[in-house]
There are 2 protein chains.
Amino acid sequence: MNPLKDLQNRAINTIRFLSADAVQQANSGHPGLPMGAAAIAYTIWTKHLKINPKNTNWIDRDRFILSGGHGSILLYSLLYLTGFDLSLEEIKNFRQWGSKTPGHPEFGLTPGVETTTGPLGQGFANGVGMAIAEANLAARFNVPNYRLIDHYVYAIVTDGDLMEGVASEAASLAGHLRLGKLIYLYDDNRISIEGSTDIAFTEDRAKRFKAYGWQVLRVEDGNDVESIEKAITQAKSDERPSLILCRTQIGYGLPTKQGTEKAHGEPPGQEELQKAKINLGWPVEESFLVPEDVLGHFREIGERGVALEEQWKKTFIKYHEDHLELAEELERRQSNQLPGNWESSLKNFETDSKGMATRKSSGLVLNQIAEVIPELIGGSADLAPSNNTWITGSEAFQCDNPVGRNIHFGVREHAMGAVINGLAYHGGFAPFGGTFLVFSDYMRPAVRLSALSHLPSIWIFTHDSIGLGEDGPTHQPVEHLMSLRLIPNLHTIRPADANEVREAWISAIRRKDGPTALILTRQNVPTIARGKYSDAKGLHHGAYILKDLGTKHPEIILMASGSEVDLIIQTGEKLNEEGISVRLVSFPCWEFFQAQSKEYQNFVLDPTITKRIAVEAGVGLGWERWTGNDGKIISIERFGASAPGDMLLREFGLHVENIYQTALKMI
Amino acid sequence: MNPLKDLQNRAINTIRFLSADAVQQANSGHPGLPMGAAAIAYTIWTKHLKINPKNTNWIDRDRFILSGGHGSILLYSLLYLTGFDLSLEEIKNFRQWGSKTPGHPEFGLTPGVETTTGPLGQGFANGVGMAIAEANLAARFNVPNYRLIDHYVYAIVTDGDLMEGVASEAASLAGHLRLGKLIYLYDDNRISIEGSTDIAFTEDRAKRFKAYGWQVLRVEDGNDVESIEKAITQAKSDERPSLILCRTQIGYGLPTKQGTEKAHGEPPGQEELQKAKINLGWPVEESFLVPEDVLGHFREIGERGVALEEQWKKTFIKYHEDHLELAEELERRQSNQLPGNWESSLKNFETDSKGMATRKSSGLVLNQIAEVIPELIGGSADLAPSNNTWITGSEAFQCDNPVGRNIHFGVREHAMGAVINGLAYHGGFAPFGGTFLVFSDYMRPAVRLSALSHLPSIWIFTHDSIGLGEDGPTHQPVEHLMSLRLIPNLHTIRPADANEVREAWISAIRRKDGPTALILTRQNVPTIARGKYSDAKGLHHGAYILKDLGTKHPEIILMASGSEVDLIIQTGEKLNEEGISVRLVSFPCWEFFQAQSKEYQNFVLDPTITKRIAVEAGVGLGWERWTGNDGKIISIERFGASAPGDMLLREFGLHVENIYQTALKMI
């Protein structure tokens with residue numbers, strides 16, 4: 001027997017049974033994918049993947065994505081075997097409280113995990129963002145004699161990924177952009193949870209991906225390392241993204257479950273597992289068995305990676321000498337540092353009673369930022385002229401112009417979300433994506449994952465209420481603002497005017513440990529007189545006193561965010577003319593306010609002032625937190641309607657007279 | 001000149017300029033699609049569409065969907081011209097307050113509008129549901145000599161639709177199911193809002209749809225009525241769904257804007273519009289011009305439809321004689337009546353301290369209902385064994401078995417949502433779709449539209465909290481329950497035990513004017529002793545007193561829904577042992593409770609009892625509405641974690657001891 005081949009087989013079986021033993025021990029998990037796709041993973045990792053287990057932040061490493069995140073234990077096994085900071089103990093603690101080996105891979109928790117996956121299709125689409133990142137960085141930083149940025153994005157993708165719309169959108173975009181660094185290996189096991197893919201998924205996947213502009217390759221036997229290796233090599237030589245269909249058997253080795261849905265998502269059972277080991281010539285005595293030579297074999301990959309990065313660093317030192325500015329920019333961006341004093345370039349907006357839409361001031365601020373923050377990159381899901389997301393100082397990112405910083409996402413909100421997350425996962429960027437607020441629903445899974453994975457993605461949601469007018473209820477968000485506030489770790493900011501927009505953008509750009517959603521109007525809002533009312537920097541406290549009107553201690557608090565702030569200001573002035581003392585509170589970000597001290601909170605929302613009115617052009621549920629028992633909420637508790645925006649606001653009670661009368665009744 | 005052809009051209013121009021005049025008058029809207037696709041719409045409506053403007057509920061009518069809902073004025077023009085209950089005045093009132101001609105088509109508002117569209121991709125996928133409806137009804141009700149059900153689903157679909165993932169998912173499913181009644185005409189104008197489709201959408205669409213298993217046809221000139229007519233005829237003759245690519249010019253006729261993104265979404269301007277009229281030989285003097293012979297021509301279609309339905313009715317009378325039971329069932333289902341006494345077949349669940357998961361009791365109830373409600377149809381996005389959505393008395397719906405009532409949706413949550421809505425739009429069904437609660441995000445746009453369109457869609461969301469355990473935070477909903485409660489007109493019901501599950505299902509089946517979301521556990525919950533605690537029928541009030549424990553007037557109210565109800569019961573008993581009087585409130589549905597009288601609300605949440613604790617395994621924001629200022633909310637304000645479910649509940653404070661201590665501190 002060929003000893004190398006024997007080692008190889010044993011290495012693959014090591015992955016299989018480490019994974020299966022872990023699932024069995026956890027009494028929970030998914031043995032099918034790891035056992036079926038072990039050889040694919042082995043081939044990628046040992047034959048091609050450029051990684052350094054000792055530095056998970058090396059910018060030019062290849063990225064590996066397990067898009068079928070339910071097979072997490074496959075990834076954990078590889079991380080442990082190749083020498084990442086993940087012990088065998090952690091493998092044994094699979095899916096347990098406090099372990100680094102949760103049920104689905106979580107970015108930031110486990111060293112070497114490049115993306116949070118599990119919700120299907122996300123990893124697939126994240127990879128497209130990573131490949132955009134690679135292409136853009138290469139275009140910016142590579143110069144003759146220096147290919148500093150030159151890495152691949154590998155993924156193992158599954159039937160479930162290919163069925164999900166988000167992956168279809170992303171695949172179409174990747175084909176259009178000719179992202180040749182994408183190499184996706186499809187674990188074509190023809191089994192999904194309800195049974196054979198014949199019951200629901202009989203399309204010609206190869207033909208579909210060819211239609212998108214991908215190179216499509218086939219490996220007839222997903223356990224055939226040589227064929228997989230060859231296919232990957234062929235994928236690398238093509239300038240199109242590549243999909244390699246690898247015919248596999250789910251739960252390979254399991255005597256009764258292999259090739260059936262029973263292998264997918266439950267422990268094999270002790271007996272089935274033992275028999276599988278016997279089937280594949282694996283010792284049955286010991287669980288979590290890692291033969292020493294196998295471990296050595298895997299650790300060599302790690303050592304190879306260390307050497308590769310060493311070489312890269314040497315190149316970088318020379319690059320630093322020859323191209324100081326570029327080198328410093330790359331270092332800065334990679335280490336998540338912002339340029340010194342960048343905020344000073346952002347202009348104040350003058351007081352203006354006509355004002356401008358916050359989507360417009362956002363576009364102005366975005367462009368000021370783009371001049372000083374070259375890592376700002378993004379686009380819109382075909383609504384750039386409406387979302388004001390275009391960077392005028394740059395061009396479109398296209399395959400023949402990868403240096404462009406404007407991405408045309410097409411009408412693909414969900415892929416946009418996941419691609420923006422992919423740019424954030426990759427590092428070196430401040431990525432943003434824009435659409436109408438109502439269509440945040442189309443990309444909500446990606447928004448959630450940006451929050452869960454602590455990604456600094458910036459979401460620009462314009463047309464934020466019925467104020468958008470004639471497009472009607474299908475386009476008018478009602479529940480969306482509040483539903484974004486519900487997502488943990490998402491900063492949802494709804495600025496009231498152009499100067500709050502600037503502060504909101506500052507907050508979004510500064511933030512490195514999570515996403516920010518900017519909620520912006522279609523319609524004009526006045527630029528508040530900041531001499532008379534307090535500074536827009538109050539935004540960073542989440543809620544702040546714009547002004548106490550009148551000479552007495554305020555009898556009532558009026559609070560709102562966004563376009564409704566102007567309404568409470570007008571109402572406050574009117575009440576004050578009647579001799580009523582009013583506190584006006586601008587409330588752009590609940591998350592910020594909740595993070596303030598109790599003292600500050602009580603300073604703004606003085607507990608002795610129980611008469612409070614909150615005004616919001618959206619559902620009111622939740623505002624009780626701030627208005628208390630005695631407060632009133634002026635809100636919208638139904639879907640919108642089609643008519644000019646100012647008429648709608650009047651018909652729905654979002655006007656000064658209504659707030660004024662409500663306040664009078666209260667006092 | 002051929003007078004017929006002249007009439008035809010003038011009829012098409014009538015559509016064009018009615019639409020453009022309306023947009024111009026509204027000073028808002030989308031002239032590009034109506035002007036570019038007028039000939040396509042004309043051909044479908046005059047040459048093929050089987051409709052009766054005088055009866056929009058004829059079950060065997062063809063369905064027409066304008067998936068690019070921004071072109072709504074095209075549809076309104078056709079409805080007016082062919083004689084639906086929509087006046088020319090309404091066309092002139094396009095996009096105005098109180099009109100029947102809103103910015104995007106709204107089902108239920110405008111007679112003849114079959115689907116609410118605007119959010120792209122939805123109409124495309126709704127049509128797939130309608131075609132499933134047709135195939136299933138045909139399989140059930142057609143018998144030799146009676147083809148009672150035999151109609152087509154036409155749609156005009158756009159670049160935006162084809163880019164959206166939801167349409168990709170639906171197209172793959174439609175191809176798999178060989179839904180030959182689907183005939184989609186693609187308005188291939190190669191323009192999207194950001195510019196030419198060359199910037200983001202260069203895939204080979206024809207090849208993609210062939211890969212899905214569709215017949216793909218081409219019409220080189222989208223103004224060529226004969227070619228379009230021929231293509232539709234060819235589409236009808238094939239047993240696969242058909243996509244007809246019609247090459248069009250957006251804003252056809254506009255001198256400077258035709259063929260550019262400027263024609264898409266803004267009024268053409270008076271001068272541009274005048275010139276367009278001159279271009280196409282249209283009188284410029286009069287706006288909203290409808291030549292008499294053109295109107296007569298269109299009204300003939302209406303009359304044809306009246307005659308067709310008359311014929312159908314005659315057939316149905318005979319059918320009624322020959323096949324009484326089937327005829328009565330069809331009549332009943334079409335008129336949205338439930339069988340008499342259907343609820344009596346639903347069993348009570350016995351008290352059981354071990355109990356069962358509510359997903360399991362839901363599966364049992366669903367199957368009891370399926371036996372008496374033949375219109376119950378649905379499935380899961382590849383999670384049927386986990387969601388317990390399988391109707392055991394039926395089979396899978398497949399192209400070779402269209403009578404089946406179990407739909408394998410594949411891993412396509414979003415398409416599932418829109419397809420279920422399509423079944424509901426079609427009529428004759430009580431459709432349901434299931435997935436994990438966390439993946440409600442993947443289909444949220446469809447859930448929203450079911451609420452906006454008043455569809456009786458039933459959403460089954462299982463695995464409703466961190467209680468699901470090891471799968472970890474990617475699979476653990478935290479914000480989802482509350483975020484569903486935010487959607488207007490959606491009944492979000494989270495039953496506490498098997499008997500509440502039964503009542504929740506009764507409510508969902510009874511409801512005909514809107515959707516219901518059932519929120520169900522993965523883990524066991526006890527079946528509450530209904531002798532000791534009050535009847536589960538209280539669910540229909542939204543919140544109800546399970547019991548007042550103790551002899552005194554309650555000092556504290558404990559409230560919860562779903563799996564947390566058992567926690568408050570245990571806590572209440574424990575407090576009562578300490579001599580504390582406690583009110584226990586089960587709170588399965590906020591929407592129901594809000595619809596109760598103030599008296600009932602005050603009866604349950606007695607205003608004199610200000611000490612209140614709400615317990616929920618999700619974000620707490622919103623519970624303040626019921627706990628008030630002095631209450632406490634025991635909730636989860638972060639993402640979950642991967643570990644066994646009971647350990648997670650303990651670690652996250654969702655346990656009796658924590659509630660007990662919180663209560664003690666309060667008292």
# chains A, B, ... in the order shown; residues from 1 in each chain; ligands from 1
call {"tool": "residues_around", "arguments": {"residues": "Trp214 of chain B", "least_positions_apart": "6", "cutoff": "7 Å", "atoms": "only C-alpha atoms", "output": "PyMOL selection string"}}
result
chain B and resi 175+240-243
call {"tool": "select_by_dssp", "arguments": {"residues": "segment 120-241 of chain A", "states": "strand (DSSP E or B)", "output": "list in words"}}
result
Val143, Tyr146, Val153, Tyr154, Ala155, Ile156, Val157, Leu182, Ile183, Tyr184, Leu185, Tyr186, Asp187, Asp188, Ile191, Ser192, Gly195, Ser196, Gln215, Val216, Leu217, Arg218 and Val219 of chain A
call {"tool": "interface_residues", "arguments": {"of": "chain A", "to": "chain B", "cutoff": "6 Å", "atoms": "only C-alpha atoms", "output": "count of residues only"}}
result
47
call {"tool": "atom_distance", "arguments": {"atom1": "atom CA of Ile545 of chain A", "atom2": "atom CA of Val585 of chain A"}}
result
4.6 Å
call {"tool": "residues_around", "arguments": {"residues": "Leu549 of chain A", "least_positions_apart": "3", "cutoff": "12 Å", "atoms": "only C-alpha atoms", "output": "JSON, numbers by chain"}}
result
{"A": [532, 533, 545, 546, 552, 553, 554, 555, 556, 557, 558, 568, 569, 570, 571, 572, 573, 574, 575, 576, 577, 578, 579, 580, 581, 582, 583, 584, 585]}
call {"tool": "write_last_selection", "arguments": {"atoms": "N, CA, C and O atoms", "output": "CSV table (one decimal), in the first residue's frame"}}
result
chain,number,residue,atom,x,y,z
A,532,LYS,N,-30.0,77.9,19.2
A,532,LYS,CA,-31.1,78.0,20.2
A,532,LYS,C,-31.3,76.6,20.9
A,532,LYS,O,-31.5,76.6,22.1
A,533,TYR,N,-31.2,75.6,20.1
A,533,TYR,CA,-31.3,74.2,20.6
A,533,TYR,C,-29.9,73.6,20.8
A,533,TYR,O,-28.9,74.1,20.3
A,545,ILE,N,-31.6,66.5,25.7
A,545,ILE,CA,-32.6,67.6,25.8
A,545,ILE,C,-32.2,68.6,24.8
A,545,ILE,O,-31.1,69.2,24.8
A,546,LEU,N,-33.1,68.8,23.9
A,546,LEU,CA,-32.9,69.9,22.9
A,546,LEU,C,-33.0,71.3,23.5
A,546,LEU,O,-32.3,72.2,23.3
A,552,LYS,N,-40.5,77.8,34.0
A,552,LYS,CA,-40.7,76.9,35.1
A,552,LYS,C,-40.0,75.6,34.8
A,552,LYS,O,-39.6,75.3,33.7
A,553,HIS,N,-40.0,74.7,35.8
A,553,HIS,CA,-39.6,73.3,35.6
A,553,HIS,C,-40.6,72.7,34.6
A,553,HIS,O,-41.8,73.0,34.7
A,554,PRO,N,-40.1,72.0,33.6
A,554,PRO,CA,-41.0,71.5,32.6
A,554,PRO,C,-42.2,70.7,33.2
A,554,PRO,O,-42.0,69.9,34.1
A,555,GLU,N,-43.4,71.0,32.6
A,555,GLU,CA,-44.6,70.2,33.0
A,555,GLU,C,-44.7,69.0,32.2
A,555,GLU,O,-45.5,68.0,32.5
A,556,ILE,N,-44.1,69.0,31.0
A,556,ILE,CA,-44.3,67.9,30.1
A,556,ILE,C,-43.1,67.7,29.2
A,556,ILE,O,-42.3,68.6,29.0
A,557,ILE,N,-42.9,66.4,28.9
A,557,ILE,CA,-41.7,66.1,28.0
A,557,ILE,C,-42.3,65.6,26.7
A,557,ILE,O,-43.2,64.8,26.6
A,558,LEU,N,-41.8,66.3,25.6
A,558,LEU,CA,-42.2,65.8,24.2
A,558,LEU,C,-40.9,65.1,23.7
A,558,LEU,O,-39.8,65.7,23.7
A,568,ILE,N,-42.3,68.0,17.3
A,568,ILE,CA,-42.4,68.3,18.7
A,568,ILE,C,-41.8,69.7,19.0
A,568,ILE,O,-42.3,70.3,19.9
A,569,ILE,N,-40.8,70.1,18.2
A,569,ILE,CA,-40.3,71.4,18.4
A,569,ILE,C,-41.4,72.5,18.2
A,569,ILE,O,-41.7,73.3,19.0
A,570,GLN,N,-42.1,72.3,17.1
A,570,GLN,CA,-43.2,73.3,16.8
A,570,GLN,C,-44.3,73.2,17.8
A,570,GLN,O,-44.8,74.3,18.2
A,571,THR,N,-44.6,72.0,18.2
A,571,THR,CA,-45.6,71.9,19.3
A,571,THR,C,-45.2,72.5,20.6
A,571,THR,O,-45.9,73.2,21.3
A,572,GLY,N,-43.9,72.3,20.9
A,572,GLY,CA,-43.4,72.8,22.2
A,572,GLY,C,-43.4,74.3,22.2
A,572,GLY,O,-43.8,75.0,23.1
A,573,GLU,N,-43.0,74.9,21.0
A,573,GLU,CA,-43.1,76.4,20.9
A,573,GLU,C,-44.5,76.9,21.1
A,573,GLU,O,-44.7,77.9,21.8
A,574,LYS,N,-45.4,76.2,20.5
A,574,LYS,CA,-46.8,76.6,20.6
A,574,LYS,C,-47.3,76.5,22.0
A,574,LYS,O,-48.0,77.4,22.5
A,575,LEU,N,-47.0,75.4,22.7
A,575,LEU,CA,-47.4,75.2,24.1
A,575,LEU,C,-46.8,76.3,25.0
A,575,LEU,O,-47.4,76.8,25.9
A,576,ASN,N,-45.5,76.6,24.7
A,576,ASN,CA,-44.8,77.6,25.5
A,576,ASN,C,-45.5,78.9,25.3
A,576,ASN,O,-45.5,79.7,26.3
A,577,GLU,N,-46.0,79.2,24.1
A,577,GLU,CA,-46.7,80.5,24.0
A,577,GLU,C,-47.9,80.6,24.9
A,577,GLU,O,-48.4,81.7,25.2
A,578,GLU,N,-48.4,79.4,25.2
A,578,GLU,CA,-49.6,79.4,26.1
A,578,GLU,C,-49.1,79.4,27.6
A,578,GLU,O,-49.9,79.1,28.5
A,579,GLY,N,-47.8,79.6,27.8
A,579,GLY,CA,-47.3,79.6,29.2
A,579,GLY,C,-47.0,78.3,29.8
A,579,GLY,O,-46.8,78.1,31.0
A,580,ILE,N,-47.0,77.2,28.9
A,580,ILE,CA,-46.6,75.9,29.4
A,580,ILE,C,-45.1,75.6,29.2
A,580,ILE,O,-44.6,75.8,28.1
A,581,SER,N,-44.5,75.2,30.3
A,581,SER,CA,-43.1,74.8,30.2
A,581,SER,C,-42.9,73.4,29.6
A,581,SER,O,-43.6,72.5,30.1
A,582,VAL,N,-42.1,73.3,28.6
A,582,VAL,CA,-42.0,72.0,27.9
A,582,VAL,C,-40.5,71.6,27.8
A,582,VAL,O,-39.7,72.4,27.5
A,583,ARG,N,-40.3,70.3,28.0
A,583,ARG,CA,-39.0,69.8,27.7
A,583,ARG,C,-39.0,69.1,26.3
A,583,ARG,O,-39.9,68.2,26.1
A,584,LEU,N,-38.1,69.4,25.4
A,584,LEU,CA,-38.0,68.8,24.1
A,584,LEU,C,-36.9,67.8,24.1
A,584,LEU,O,-35.7,68.2,24.4
A,585,VAL,N,-37.1,66.5,23.8
A,585,VAL,CA,-36.1,65.5,23.8
A,585,VAL,C,-36.0,64.9,22.4
A,585,VAL,O,-36.9,64.4,21.9
call {"tool": "residues_around", "arguments": {"residues": "Trp390 of chain B", "least_positions_apart": "2", "cutoff": "8 Å", "atoms": "only C-alpha atoms", "output": "list in words"}}
result
Gly363, Asn367, Gly379, Ala384, Pro385, Asn388, Thr392 and Asn406 of chain B
call {"tool": "write_last_selection", "arguments": {"atoms": "C-alpha atoms", "output": "PDB file, in the first residue's frame"}}
result
ATOM      1  CA  GLY B 363     -48.893  18.530  14.549  1.00  0.00           C
ATOM      2  CA  ASN B 367     -53.863  16.414  11.479  1.00  0.00           C
ATOM      3  CA  GLY B 379     -45.762  22.277   4.135  1.00  0.00           C
ATOM      4  CA  ALA B 384     -41.438  19.050   8.146  1.00  0.00           C
ATOM      5  CA  PRO B 385     -40.138  16.473  10.636  1.00  0.00           C
ATOM      6  CA  ASN B 388     -44.591  18.699  12.574  1.00  0.00           C
ATOM      7  CA  THR B 392     -50.433  12.016   7.424  1.00  0.00           C
ATOM      8  CA  ASN B 406     -48.146  18.233   1.538  1.00  0.00           C
TER       9      ASN B 406
END
call {"tool": "residues_around", "arguments": {"residues": "Pro34 of chain A", "least_positions_apart": "3", "cutoff": "6 Å", "atoms": "only C-alpha atoms", "output": "JSON, numbers by chain"}}
result
{"A": [16, 31, 37, 38, 71, 74]}
call {"tool": "residues_around", "arguments": {"residues": "Phe603 of chain B", "least_positions_apart": "5", "cutoff": "10 Å", "atoms": "only C-alpha atoms", "output": "number ranges by chain"}}
result
B: 544-545, 597-598
call {"tool": "closest_residue", "arguments": {"among": "B:Lys92, B:His320, B:Lys181, B:Lys236", "to": "Ser287 of chain B", "atoms": "only C-alpha atoms"}}
result
B:Lys92
call {"tool": "select_by_dssp", "arguments": {"residues": "segment 312-478 of chain B", "states": "alpha helix (DSSP H)", "output": "ChimeraX atom specification"}}
result
/B:312-322,324-334,358-372,384-387,413-426,444-452
call {"tool": "residues_around", "arguments": {"residues": "Val372 of chain A", "least_positions_apart": "4", "cutoff": "9 Å", "atoms": "only C-alpha atoms", "output": "list of chain:residue names"}}
result
A:Pro339, A:Trp342, A:Glu343, A:Ser345, A:Gln368, A:Leu376
call {"tool": "write_last_selection", "arguments": {"atoms": "N, CA, C and O atoms", "output": "mmCIF file, in the first residue's frame"}}
result
data_model
loop_
_atom_site.group_PDB
_atom_site.id
_atom_site.type_symbol
_atom_site.label_atom_id
_atom_site.label_comp_id
_atom_site.auth_asym_id
_atom_site.auth_seq_id
_atom_site.Cartn_x
_atom_site.Cartn_y
_atom_site.Cartn_z
ATOM 1 N N PRO A 339 -7.995 57.041 10.246
ATOM 2 C CA PRO A 339 -6.983 58.092 10.065
ATOM 3 C C PRO A 339 -7.128 59.135 11.168
ATOM 4 O O PRO A 339 -8.247 59.422 11.603
ATOM 5 N N TRP A 342 -9.853 62.446 11.365
ATOM 6 C CA TRP A 342 -10.719 62.346 10.181
ATOM 7 C C TRP A 342 -12.028 63.108 10.335
ATOM 8 O O TRP A 342 -12.580 63.615 9.374
ATOM 9 N N GLU A 343 -12.470 63.215 11.586
ATOM 10 C CA GLU A 343 -13.783 63.826 11.784
ATOM 11 C C GLU A 343 -13.787 65.318 11.489
ATOM 12 O O GLU A 343 -14.836 65.913 11.227
ATOM 13 N N SER A 345 -12.898 66.891 9.065
ATOM 14 C CA SER A 345 -13.276 67.287 7.697
ATOM 15 C C SER A 345 -14.790 67.321 7.485
ATOM 16 O O SER A 345 -15.261 67.733 6.432
ATOM 17 N N GLN A 368 -18.192 63.217 2.165
ATOM 18 C CA GLN A 368 -17.080 63.830 2.904
ATOM 19 C C GLN A 368 -16.230 62.755 3.570
ATOM 20 O O GLN A 368 -14.998 62.835 3.592
ATOM 21 N N LEU A 376 -14.004 53.174 2.965
ATOM 22 C CA LEU A 376 -15.459 53.243 2.789
ATOM 23 C C LEU A 376 -15.825 52.713 1.410
ATOM 24 O O LEU A 376 -15.350 53.215 0.385
#
